[in-house]
$ cat entry00.pdb   # PDB, C-alpha atoms
MODEL        1
ATOM      1  CA  MET A  22      48.900-115.545 -63.367
ATOM      2  CA  SER A  23      48.049-119.186 -63.815
ATOM      3  CA  ILE A  24      47.567-120.444 -67.334
ATOM      4  CA  THR A  25      43.932-121.457 -66.766
ATOM      5  CA  LEU A  26      43.006-117.998 -65.487
ATOM      6  CA  LYS A  27      44.845-116.364 -68.366
ATOM      7  CA  ALA A  28      42.954-118.502 -70.819
ATOM      8  CA  LEU A  29      39.702-117.707 -69.012
ATOM      9  CA  LEU A  30      40.216-113.960 -69.266
ATOM     10  CA  LYS A  31      41.237-114.073 -72.913
ATOM     11  CA  SER A  32      37.849-115.283 -73.989
ATOM     12  CA  PRO A  33      35.320-115.769 -71.174
ATOM     13  CA  TRP A  34      32.436-117.899 -72.322
ATOM     14  CA  VAL A  35      29.285-117.018 -70.466
ATOM     15  CA  PHE A  36      26.351-119.166 -69.452
ATOM     16  CA  HIS A  37      23.041-117.521 -68.740
ATOM     17  CA  LEU A  38      20.963-118.884 -65.837
ATOM     18  CA  SER A  39      17.560-117.402 -65.097
ATOM     19  CA  THR A  40      16.340-118.322 -61.598
ATOM     20  CA  GLY A  41      12.788-117.080 -61.724
ATOM     21  CA  SER A  42      13.277-113.606 -63.129
ATOM     22  CA  CYS A  43      10.751-111.467 -64.949
ATOM     23  CA  ASN A  44      12.937-111.821 -68.106
ATOM     24  CA  ASN A  45      13.885-108.144 -68.275
ATOM     25  CA  CYS A  46      17.452-108.828 -67.181
ATOM     26  CA  ASP A  47      17.564-111.726 -69.624
ATOM     27  CA  ILE A  48      16.543-109.410 -72.445
ATOM     28  CA  GLU A  49      19.308-106.980 -71.469
ATOM     29  CA  ILE A  50      21.867-109.803 -71.449
ATOM     30  CA  LEU A  51      20.755-110.828 -74.917
ATOM     31  CA  ASP A  52      21.024-107.160 -75.908
ATOM     32  CA  CYS A  53      24.694-107.263 -74.937
ATOM     33  CA  LEU A  54      25.260-110.056 -77.415
ATOM     34  CA  THR A  55      23.706-108.207 -80.336
ATOM     35  CA  PRO A  56      25.900-106.204 -82.773
ATOM     36  CA  ARG A  57      24.856-102.915 -81.176
ATOM     37  CA  PHE A  58      26.684-103.569 -77.881
ATOM     38  CA  ASP A  59      28.706-106.521 -79.100
ATOM     39  CA  VAL A  60      30.443-108.144 -76.126
ATOM     40  CA  GLU A  61      32.131-110.462 -78.569
ATOM     41  CA  ARG A  62      34.824-107.829 -78.957
ATOM     42  CA  PHE A  63      35.909-108.837 -75.438
ATOM     43  CA  GLY A  64      35.908-112.451 -76.566
ATOM     44  CA  MET A  65      32.676-113.289 -74.758
ATOM     45  CA  LEU A  66      30.462-115.931 -76.263
ATOM     46  CA  LEU A  67      27.216-117.388 -75.035
ATOM     47  CA  ALA A  68      27.878-121.033 -74.258
ATOM     48  CA  GLY A  69      25.152-123.579 -74.784
ATOM     49  CA  SER A  70      26.216-125.782 -71.895
ATOM     50  CA  ILE A  71      27.437-124.928 -68.419
ATOM     51  CA  ARG A  72      30.307-127.414 -68.894
ATOM     52  CA  HIS A  73      31.793-125.163 -71.579
ATOM     53  CA  ALA A  74      31.348-121.917 -69.646
ATOM     54  CA  ASP A  75      33.754-119.784 -67.598
ATOM     55  CA  VAL A  76      31.309-117.157 -66.383
ATOM     56  CA  LEU A  77      27.869-117.806 -64.875
ATOM     57  CA  LEU A  78      25.374-114.962 -65.278
ATOM     58  CA  VAL A  79      22.612-115.326 -62.693
ATOM     59  CA  THR A  80      19.394-113.346 -62.993
ATOM     60  CA  GLY A  81      16.226-113.582 -60.923
ATOM     61  CA  SER A  82      15.257-113.958 -57.307
ATOM     62  CA  ALA A  83      16.176-117.636 -56.679
ATOM     63  CA  ASN A  84      12.885-119.220 -55.735
ATOM     64  CA  ARG A  85      12.692-122.361 -53.630
ATOM     65  CA  LYS A  86      12.416-124.776 -56.522
ATOM     66  CA  CYS A  87      15.398-123.155 -58.225
ATOM     67  CA  ILE A  88      17.870-123.256 -55.310
ATOM     68  CA  PRO A  89      18.923-126.927 -55.773
ATOM     69  CA  ARG A  90      19.226-126.310 -59.505
ATOM     70  CA  ILE A  91      21.538-123.307 -59.001
ATOM     71  CA  LYS A  92      23.763-125.442 -56.786
ATOM     72  CA  GLN A  93      23.773-128.223 -59.364
ATOM     73  CA  VAL A  94      24.712-125.865 -62.192
ATOM     74  CA  TYR A  95      27.506-124.383 -60.087
ATOM     75  CA  GLN A  96      28.897-127.823 -59.296
ATOM     76  CA  GLN A  97      28.946-128.745 -62.976
ATOM     77  CA  MET A  98      30.936-125.644 -63.910
ATOM     78  CA  PRO A  99      34.652-126.119 -64.670
ATOM     79  CA  LYS A 100      36.802-124.277 -62.114
ATOM     80  CA  PRO A 101      38.204-121.619 -61.896
ATOM     81  CA  CYS A 102      35.027-119.799 -62.654
ATOM     82  CA  VAL A 103      33.359-116.461 -62.092
ATOM     83  CA  VAL A 104      29.779-115.813 -60.992
ATOM     84  CA  VAL A 105      28.036-112.567 -61.931
ATOM     85  CA  ALA A 106      24.717-111.635 -60.298
ATOM     86  CA  ILE A 107      22.708-109.362 -62.567
ATOM     87  CA  GLY A 108      19.761-107.268 -61.500
ATOM     88  CA  GLU A 109      18.233-106.208 -58.208
ATOM     89  CA  CYS A 110      16.403-109.530 -57.772
ATOM     90  CA  SER A 111      19.520-111.653 -57.685
ATOM     91  CA  LEU A 112      21.346-109.121 -55.517
ATOM     92  CA  SER A 113      18.815-108.699 -52.730
ATOM     93  CA  ARG A 114      15.547-110.040 -54.219
ATOM     94  CA  GLY A 115      14.265-106.479 -54.698
ATOM     95  CA  MET A 116      10.546-106.292 -54.118
ATOM     96  CA  PHE A 117      10.320-110.051 -53.470
ATOM     97  CA  ILE A 118      12.330-109.925 -50.250
ATOM     98  CA  HIS A 119       9.311-110.870 -48.124
ATOM     99  CA  SER A 120       7.944-113.411 -50.573
ATOM    100  CA  TYR A 121       7.296-116.871 -49.149
ATOM    101  CA  ASN A 122       9.025-118.426 -52.128
ATOM    102  CA  CYS A 123      12.293-116.462 -52.130
ATOM    103  CA  PRO A 124      14.105-117.320 -48.877
ATOM    104  CA  LEU A 125      17.732-116.483 -49.767
ATOM    105  CA  PRO A 126      19.630-114.049 -52.000
ATOM    106  CA  VAL A 127      21.860-115.629 -54.644
ATOM    107  CA  ASP A 128      25.128-114.823 -52.830
ATOM    108  CA  LYS A 129      24.051-116.929 -49.840
ATOM    109  CA  ILE A 130      23.599-119.909 -52.178
ATOM    110  CA  ILE A 131      26.747-119.763 -54.322
ATOM    111  CA  PRO A 132      29.784-117.410 -54.095
ATOM    112  CA  VAL A 133      29.224-114.313 -56.240
ATOM    113  CA  ASP A 134      32.133-112.271 -57.654
ATOM    114  CA  VAL A 135      30.390-109.348 -59.324
ATOM    115  CA  TYR A 136      27.155-107.575 -58.467
ATOM    116  CA  ILE A 137      25.496-105.517 -61.194
ATOM    117  CA  PRO A 138      22.540-103.581 -59.735
ATOM    118  CA  GLY A 139      19.635-102.180 -61.686
ATOM    119  CA  CYS A 140      16.124-103.152 -62.540
ATOM    120  CA  PRO A 141      17.040-104.098 -65.217
ATOM    121  CA  PRO A 142      20.689-102.955 -65.577
ATOM    122  CA  LYS A 143      21.550-101.308 -68.868
ATOM    123  CA  PRO A 144      23.726-103.290 -71.265
ATOM    124  CA  GLU A 145      26.412-100.673 -70.678
ATOM    125  CA  ALA A 146      26.299-101.463 -66.946
ATOM    126  CA  ILE A 147      26.619-105.176 -67.599
ATOM    127  CA  ILE A 148      29.592-104.632 -69.926
ATOM    128  CA  ALA A 149      31.206-102.247 -67.416
ATOM    129  CA  GLY A 150      30.761-104.787 -64.625
ATOM    130  CA  VAL A 151      32.333-107.607 -66.590
ATOM    131  CA  VAL A 152      35.232-105.420 -67.773
ATOM    132  CA  LYS A 153      35.889-104.374 -64.166
ATOM    133  CA  LEU A 154      35.914-108.028 -63.186
ATOM    134  CA  ILE A 155      38.435-108.874 -65.907
ATOM    135  CA  GLU A 156      40.676-106.000 -64.774
ATOM    136  CA  LYS A 157      40.462-107.069 -61.155
ATOM    137  CA  LEU A 158      41.270-110.679 -61.935
ATOM    138  CA  SER A 159      44.222-109.680 -64.124
ATOM    139  CA  ALA A 160      45.634-107.580 -61.291
ATOM    140  CA  LYS A 161      45.151-110.205 -58.575
ATOM    141  CA  PRO A 162      45.827-113.650 -59.948
ATOM    142  CA  GLU A 163      45.373-115.460 -56.596
ATOM    143  CA  LYS A 164      41.628-114.914 -56.613
ATOM    144  CA  LYS A 165      40.520-118.530 -56.849
TER     145      LYS A 165
ATOM    146  CA  MET B  19     -27.982-113.696 -76.756
ATOM    147  CA  ASN B  20     -27.179-110.263 -75.479
ATOM    148  CA  ARG B  21     -26.218-109.120 -72.022
ATOM    149  CA  SER B  22     -29.675-108.562 -70.544
ATOM    150  CA  ASP B  23     -30.987-111.869 -71.929
ATOM    151  CA  ILE B  24     -28.159-113.765 -70.266
ATOM    152  CA  LEU B  25     -28.661-112.047 -66.912
ATOM    153  CA  LYS B  26     -32.433-112.516 -67.071
ATOM    154  CA  ASP B  27     -32.083-116.181 -67.980
ATOM    155  CA  ILE B  28     -29.672-116.899 -65.126
ATOM    156  CA  GLY B  29     -31.731-114.840 -62.700
ATOM    157  CA  GLU B  30     -34.972-116.650 -63.421
ATOM    158  CA  ARG B  31     -33.583-120.145 -63.662
ATOM    159  CA  PHE B  32     -31.556-120.042 -60.443
ATOM    160  CA  LYS B  33     -33.701-117.704 -58.377
ATOM    161  CA  GLY B  34     -33.243-119.590 -55.104
ATOM    162  CA  GLU B  35     -29.502-119.990 -55.419
ATOM    163  CA  ILE B  36     -28.504-116.407 -56.180
ATOM    164  CA  LEU B  37     -27.733-114.333 -53.100
ATOM    165  CA  GLU B  38     -26.630-111.036 -54.619
ATOM    166  CA  VAL B  39     -26.106-109.487 -58.040
ATOM    167  CA  PHE B  40     -23.620-106.643 -58.350
ATOM    168  CA  ASP B  41     -23.734-104.875 -61.706
ATOM    169  CA  LYS B  42     -20.299-103.300 -61.821
ATOM    170  CA  SER B  43     -19.988-102.095 -65.392
ATOM    171  CA  PRO B  44     -21.365-102.845 -68.880
ATOM    172  CA  LYS B  45     -18.654-105.461 -69.270
ATOM    173  CA  ARG B  46     -18.784-107.077 -65.858
ATOM    174  CA  VAL B  47     -21.259-108.535 -63.374
ATOM    175  CA  TYR B  48     -20.568-110.269 -60.062
ATOM    176  CA  ILE B  49     -23.139-112.838 -58.944
ATOM    177  CA  GLU B  50     -22.883-114.319 -55.486
ATOM    178  CA  ILE B  51     -24.274-117.856 -55.336
ATOM    179  CA  LYS B  52     -24.700-120.574 -52.758
ATOM    180  CA  PRO B  53     -21.739-122.999 -52.737
ATOM    181  CA  GLN B  54     -23.924-126.092 -53.134
ATOM    182  CA  ALA B  55     -25.422-124.698 -56.368
ATOM    183  CA  LEU B  56     -22.079-124.056 -58.048
ATOM    184  CA  VAL B  57     -21.911-127.216 -60.170
ATOM    185  CA  VAL B  58     -25.447-126.790 -61.548
ATOM    186  CA  ILE B  59     -24.952-123.129 -62.446
ATOM    187  CA  ALA B  60     -21.467-123.625 -63.909
ATOM    188  CA  THR B  61     -22.663-126.545 -66.027
ATOM    189  CA  TYR B  62     -25.597-124.527 -67.341
ATOM    190  CA  VAL B  63     -23.516-121.425 -68.121
ATOM    191  CA  PHE B  64     -20.775-123.462 -69.763
ATOM    192  CA  LYS B  65     -22.803-125.997 -71.742
ATOM    193  CA  ASN B  66     -26.087-124.215 -72.521
ATOM    194  CA  LEU B  67     -25.140-120.544 -72.673
ATOM    195  CA  GLY B  68     -21.795-121.276 -74.343
ATOM    196  CA  ALA B  69     -19.593-119.251 -72.040
ATOM    197  CA  ARG B  70     -15.862-119.820 -71.803
ATOM    198  CA  PHE B  71     -14.389-120.648 -68.420
ATOM    199  CA  ASN B  72     -11.686-118.014 -68.101
ATOM    200  CA  ILE B  73     -10.110-118.641 -64.710
ATOM    201  CA  ALA B  74     -10.972-118.969 -61.048
ATOM    202  CA  SER B  75      -9.418-116.792 -58.379
ATOM    203  CA  GLY B  76      -9.324-117.285 -54.659
ATOM    204  CA  LEU B  77      -8.839-114.688 -51.964
ATOM    205  CA  ASP B  78      -8.822-114.508 -48.210
ATOM    206  CA  THR B  79     -11.133-111.911 -46.755
ATOM    207  CA  HIS B  80     -10.893-112.010 -43.000
ATOM    208  CA  LYS B  81     -14.172-113.849 -42.417
ATOM    209  CA  HIS B  82     -14.368-116.039 -45.478
ATOM    210  CA  ILE B  83     -12.346-117.591 -48.246
ATOM    211  CA  GLU B  84     -13.860-116.391 -51.495
ATOM    212  CA  ILE B  85     -13.556-118.113 -54.841
ATOM    213  CA  LEU B  86     -14.562-116.273 -57.990
ATOM    214  CA  TYR B  87     -15.273-118.276 -61.121
ATOM    215  CA  HIS B  88     -14.939-116.028 -64.166
ATOM    216  CA  PHE B  89     -16.959-116.920 -67.244
ATOM    217  CA  THR B  90     -16.625-114.835 -70.391
ATOM    218  CA  PHE B  91     -18.901-114.353 -73.366
ATOM    219  CA  ASP B  92     -16.311-113.401 -75.925
ATOM    220  CA  GLU B  93     -18.683-112.423 -78.771
ATOM    221  CA  ILE B  94     -20.396-109.711 -76.737
ATOM    222  CA  ASN B  95     -17.386-108.775 -74.552
ATOM    223  CA  PHE B  96     -19.060-109.643 -71.279
ATOM    224  CA  LEU B  97     -17.736-111.272 -68.106
ATOM    225  CA  ILE B  98     -19.703-112.864 -65.287
ATOM    226  CA  SER B  99     -17.911-113.687 -62.037
ATOM    227  CA  PHE B 100     -19.658-116.186 -59.794
ATOM    228  CA  ARG B 101     -18.615-115.525 -56.231
ATOM    229  CA  VAL B 102     -18.685-118.269 -53.613
ATOM    230  CA  LYS B 103     -18.016-117.561 -49.958
ATOM    231  CA  LEU B 104     -16.708-120.411 -47.842
ATOM    232  CA  LEU B 105     -16.480-120.393 -44.075
ATOM    233  CA  LYS B 106     -12.969-120.815 -42.746
ATOM    234  CA  ASN B 107     -13.790-123.807 -40.586
ATOM    235  CA  LYS B 108     -15.401-125.708 -43.479
ATOM    236  CA  LEU B 109     -13.358-125.163 -46.628
ATOM    237  CA  GLU B 110     -15.015-127.581 -49.013
ATOM    238  CA  ILE B 111     -16.598-127.126 -52.398
ATOM    239  CA  ASP B 112     -17.466-129.363 -55.325
ATOM    240  CA  SER B 113     -14.865-129.525 -58.062
ATOM    241  CA  LEU B 114     -15.573-128.270 -61.581
ATOM    242  CA  ALA B 115     -12.727-130.273 -63.129
ATOM    243  CA  PRO B 116     -14.990-133.218 -64.129
ATOM    244  CA  ILE B 117     -17.120-130.801 -66.194
ATOM    245  CA  PHE B 118     -14.373-128.848 -67.986
ATOM    246  CA  GLU B 119     -10.673-129.613 -67.970
ATOM    247  CA  GLY B 120      -9.755-125.926 -67.664
ATOM    248  CA  ALA B 121     -10.628-125.958 -63.973
ATOM    249  CA  ASN B 122      -8.168-128.715 -63.152
ATOM    250  CA  TRP B 123      -4.913-126.847 -62.543
ATOM    251  CA  ILE B 124      -6.386-123.684 -61.054
ATOM    252  CA  GLU B 125      -8.218-125.785 -58.458
ATOM    253  CA  ARG B 126      -4.974-127.515 -57.593
ATOM    254  CA  GLU B 127      -3.328-124.112 -57.192
ATOM    255  CA  ILE B 128      -6.130-122.728 -54.997
ATOM    256  CA  CYS B 129      -5.933-125.902 -52.921
ATOM    257  CA  GLU B 130      -2.250-125.482 -52.145
ATOM    258  CA  MET B 131      -2.283-121.694 -51.787
ATOM    259  CA  LEU B 132      -5.453-121.310 -49.694
ATOM    260  CA  GLY B 133      -6.243-124.807 -48.459
ATOM    261  CA  VAL B 134      -9.639-125.319 -50.068
ATOM    262  CA  ASN B 135     -10.661-128.945 -50.511
ATOM    263  CA  PHE B 136     -12.241-129.552 -53.917
ATOM    264  CA  LYS B 137     -14.482-132.601 -53.637
ATOM    265  CA  GLY B 138     -14.470-134.867 -56.678
ATOM    266  CA  HIS B 139     -11.272-133.478 -58.185
ATOM    267  CA  PRO B 140      -9.501-136.228 -60.166
ATOM    268  CA  GLU B 141      -5.969-135.452 -58.999
ATOM    269  CA  LEU B 142      -5.751-132.981 -56.124
ATOM    270  CA  LYS B 143      -2.001-132.928 -55.561
ATOM    271  CA  ARG B 144       0.592-130.152 -55.328
ATOM    272  CA  LEU B 145       1.160-128.043 -58.428
ATOM    273  CA  LEU B 146       3.525-125.119 -57.816
ATOM    274  CA  LEU B 147       4.994-125.301 -54.319
ATOM    275  CA  PRO B 148       8.271-127.175 -53.757
ATOM    276  CA  ASP B 149       8.370-130.659 -52.266
ATOM    277  CA  GLU B 150       9.874-129.588 -48.942
ATOM    278  CA  TRP B 151       7.002-127.192 -48.233
ATOM    279  CA  PRO B 152       5.258-128.354 -45.025
ATOM    280  CA  GLN B 153       1.747-129.752 -45.163
ATOM    281  CA  GLY B 154      -0.975-127.496 -43.829
ATOM    282  CA  VAL B 155       0.871-124.192 -44.434
ATOM    283  CA  TYR B 156      -0.926-122.012 -46.948
ATOM    284  CA  PRO B 157       1.113-119.045 -48.213
ATOM    285  CA  LEU B 158      -1.704-116.802 -49.433
ATOM    286  CA  ARG B 159      -3.750-116.937 -46.214
ATOM    287  CA  ARG B 160      -3.860-113.781 -44.127
ATOM    288  CA  ASP B 161      -2.539-115.630 -41.066
ATOM    289  CA  TYR B 162       0.501-117.011 -42.884
ATOM    290  CA  LYS B 163       3.624-116.975 -40.722
ATOM    291  CA  GLU B 164       7.203-117.552 -41.792
ATOM    292  CA  TRP B 165       8.014-121.209 -41.127
ATOM    293  CA  ASP B 166      11.554-121.431 -42.509
ATOM    294  CA  ASP B 167      14.098-120.327 -39.887
ATOM    295  CA  SER B 168      16.959-120.308 -42.386
ATOM    296  CA  SER B 169      15.380-117.635 -44.580
ATOM    297  CA  ILE B 170      16.860-114.135 -44.567
ATOM    298  CA  ARG B 171      14.421-111.228 -44.683
ATOM    299  CA  ASP B 172      16.677-108.193 -44.419
ATOM    300  CA  ARG B 173      19.065-106.603 -46.862
ATOM    301  CA  GLY B 174      22.091-106.972 -44.626
ATOM    302  CA  LEU B 175      22.317-103.311 -43.683
TER     303      LEU B 175
ENDMDL
END
$ encode --input "entry00.pdb" --output "structure tokens"
Amino acid sequence: MSITLKALLKSPWVFHLSTGSCNNCDIEILDCLTPRFDVERFGMLLAGSIRHADVLLVTGSANRKCIPRIKQVYQQMPKPCVVVAIGECSLSRGMFIHSYNCPLPVDKIIPVDVYIPGCPPKPEAIIAGVVKLIEKLSAKPEKK
Amino acid sequence: MNRSDILKDIGERFKGEILEVFDKSPKRVYIEIKPQALVVIATYVFKNLGARFNIASGLDTHKHIEILYHFTFDEINFLISFRVKLLKNKLEIDSLAPIFEGANWIEREICEMLGVNFKGHPELKRLLLPDEWPQGVYPLRRDYKEWDDSSIRDRGL
């Protein structure tokens, strides 16, 4: 395992990007950070800037005005990095699949590593998804 | 003023301009008016009767484009919706934005979503749609067709 990936998995700092969601997934992500679910025991911290983050949490259905901004945020992220799509909207756009303003799902815009379905997913599901990701990356170091 | 006074006042003052009154419920009345009388009636209801301009909403029925201007009387919990029907080949109506500022952004939104031209609007430019959206394509019309070939509309199954 490379030293950067090892450092990333020790304490993944997350950045939260909402791309036109209804804010339910955002509330669940914030729930994860509260003492009740407490993802800080896995070393996760909410980073204020994308340039300090290792993990990008994407919620929402990626509307047309947001697509260039998602690409910009992804370019500014230090690599190696991990992208997590949270919620049905960012997976397949859910009920907005035929909307004129949502042409592409998030994984056709930037590469996505983990998909967490649900509308909104429970905090337990989000934690389980991220823990699975950490396990998978520890097993296969040549991911990125 | 109570509900019946307001309705009676509007009914008598604008007798020639009102086409239909639909009394839906104690809280709500729809009044269909002629498009050319909109500015006069809206000014009177807003300035003299003291109503609040809530919002306007536009919709595409198959024959017409309708715009509903909702005015509320908050003290007596009463809402009047003035309905204007515009023919699809002549989508023009006078703007209300010079009278009250609250009509400014909703008229810009109706203009880009349904393609109604608001005459006399101070700044009728795009509000919500992205810059690369083609001119002359209105997403909330019934005859809207997908214009972007790169969009994906299936779930990949």
$ closest_atom_pairs --input "entry00.pdb" --of "chain A" --to "chain B" --cutoff "10 Å" --atoms "only C-alpha atoms" --output "CSV"
residue,atom,partner,partner_atom,distance
A:Asn84,CA,B:Pro148,CA,9.4
A:Arg85,CA,B:Pro148,CA,6.5
A:Lys86,CA,B:Pro148,CA,5.5
A:Cys87,CA,B:Pro148,CA,9.3
A:Leu112,CA,B:Arg173,CA,9.3
A:Ser113,CA,B:Arg173,CA,6.2
A:Arg114,CA,B:Arg173,CA,8.8
A:Gly115,CA,B:Arg173,CA,9.2
A:Phe117,CA,B:Arg171,CA,9.8
A:Ile118,CA,B:Arg171,CA,6.1
A:His119,CA,B:Arg171,CA,6.2
A:Ser120,CA,B:Arg171,CA,9.0
A:Tyr121,CA,B:Pro157,CA,6.6
A:Asn122,CA,B:Leu147,CA,8.3
A:Cys123,CA,B:Ser169,CA,8.2
A:Pro124,CA,B:Ser169,CA,4.5
A:Leu125,CA,B:Ile170,CA,5.8
A:Pro126,CA,B:Ile170,CA,7.9
A:Lys129,CA,B:Ile170,CA,9.3
$ resolve_selection --input "entry00.pdb" --expression "the PyMOL selection byres ((chain B and resi 59) around 10)" --output "ChimeraX atom specification"
/B:28,31-32,35-36,51,54-58,60-65,100
$ resolve_selection --input "entry00.pdb" --expression "the PyMOL selection byres ((chain A and resi 150-157) around 8)" --output "list in words"
Leu30, Asp134, Val135, Tyr136, Ile137, Ala146, Ile147, Ile148, Ala149, Leu158, Ser159, Ala160 and Lys161 of chain A
$ atom_distance --input "entry00.pdb" --atom1 "atom CA of B:Glu84" --atom2 "atom CA of B:Val102"
5.6 Å
$ axis_aligned_box --input "entry00.pdb" --around "stretch 101-112 of chain B" --padding-each-side "8 Å" --output "lines of an AutoDock Vina configuration file"
center_x = -15.8
center_y = -122.4
center_z = -48.4
size_x = 21.7
size_y = 29.8
size_z = 31.6
$ atom_distance --input "entry00.pdb" --atom1 "atom CA of A:Cys110" --atom2 "atom CA of A:His37"
15.1 Å
$ atom_distance --input "entry00.pdb" --atom1 "atom CA of B:Asn107" --atom2 "atom CA of B:Asn135"
11.6 Å
$ resolve_selection --input "entry00.pdb" --expression "the PyMOL selection byres ((chain A and resi 74) around 6)" --output "PDB file with C-alpha atoms, in the frame of the given file"
ATOM      1  CA  TRP A  34      32.436-117.899 -72.322  1.00  0.00           C
ATOM      2  CA  VAL A  35      29.285-117.018 -70.466  1.00  0.00           C
ATOM      3  CA  PHE A  36      26.351-119.166 -69.452  1.00  0.00           C
ATOM      4  CA  ALA A  68      27.878-121.033 -74.258  1.00  0.00           C
ATOM      5  CA  ILE A  71      27.437-124.928 -68.419  1.00  0.00           C
ATOM      6  CA  ARG A  72      30.307-127.414 -68.894  1.00  0.00           C
ATOM      7  CA  HIS A  73      31.793-125.163 -71.579  1.00  0.00           C
ATOM      8  CA  ASP A  75      33.754-119.784 -67.598  1.00  0.00           C
ATOM      9  CA  VAL A  76      31.309-117.157 -66.383  1.00  0.00           C
TER      10      VAL A  76
END
$ closest_residue --input "entry00.pdb" --among "A:Ser32, A:Ser39, A:Ser82, A:Asn44" --to "A:Leu66" --atoms "all atoms listed in the file"
A:Ser32
$ closest_residue --input "entry00.pdb" --among "A:Thr55, A:Ser70, A:Thr80, A:Gln97" --to "A:Val133" --atoms "only C-alpha atoms"
A:Thr80
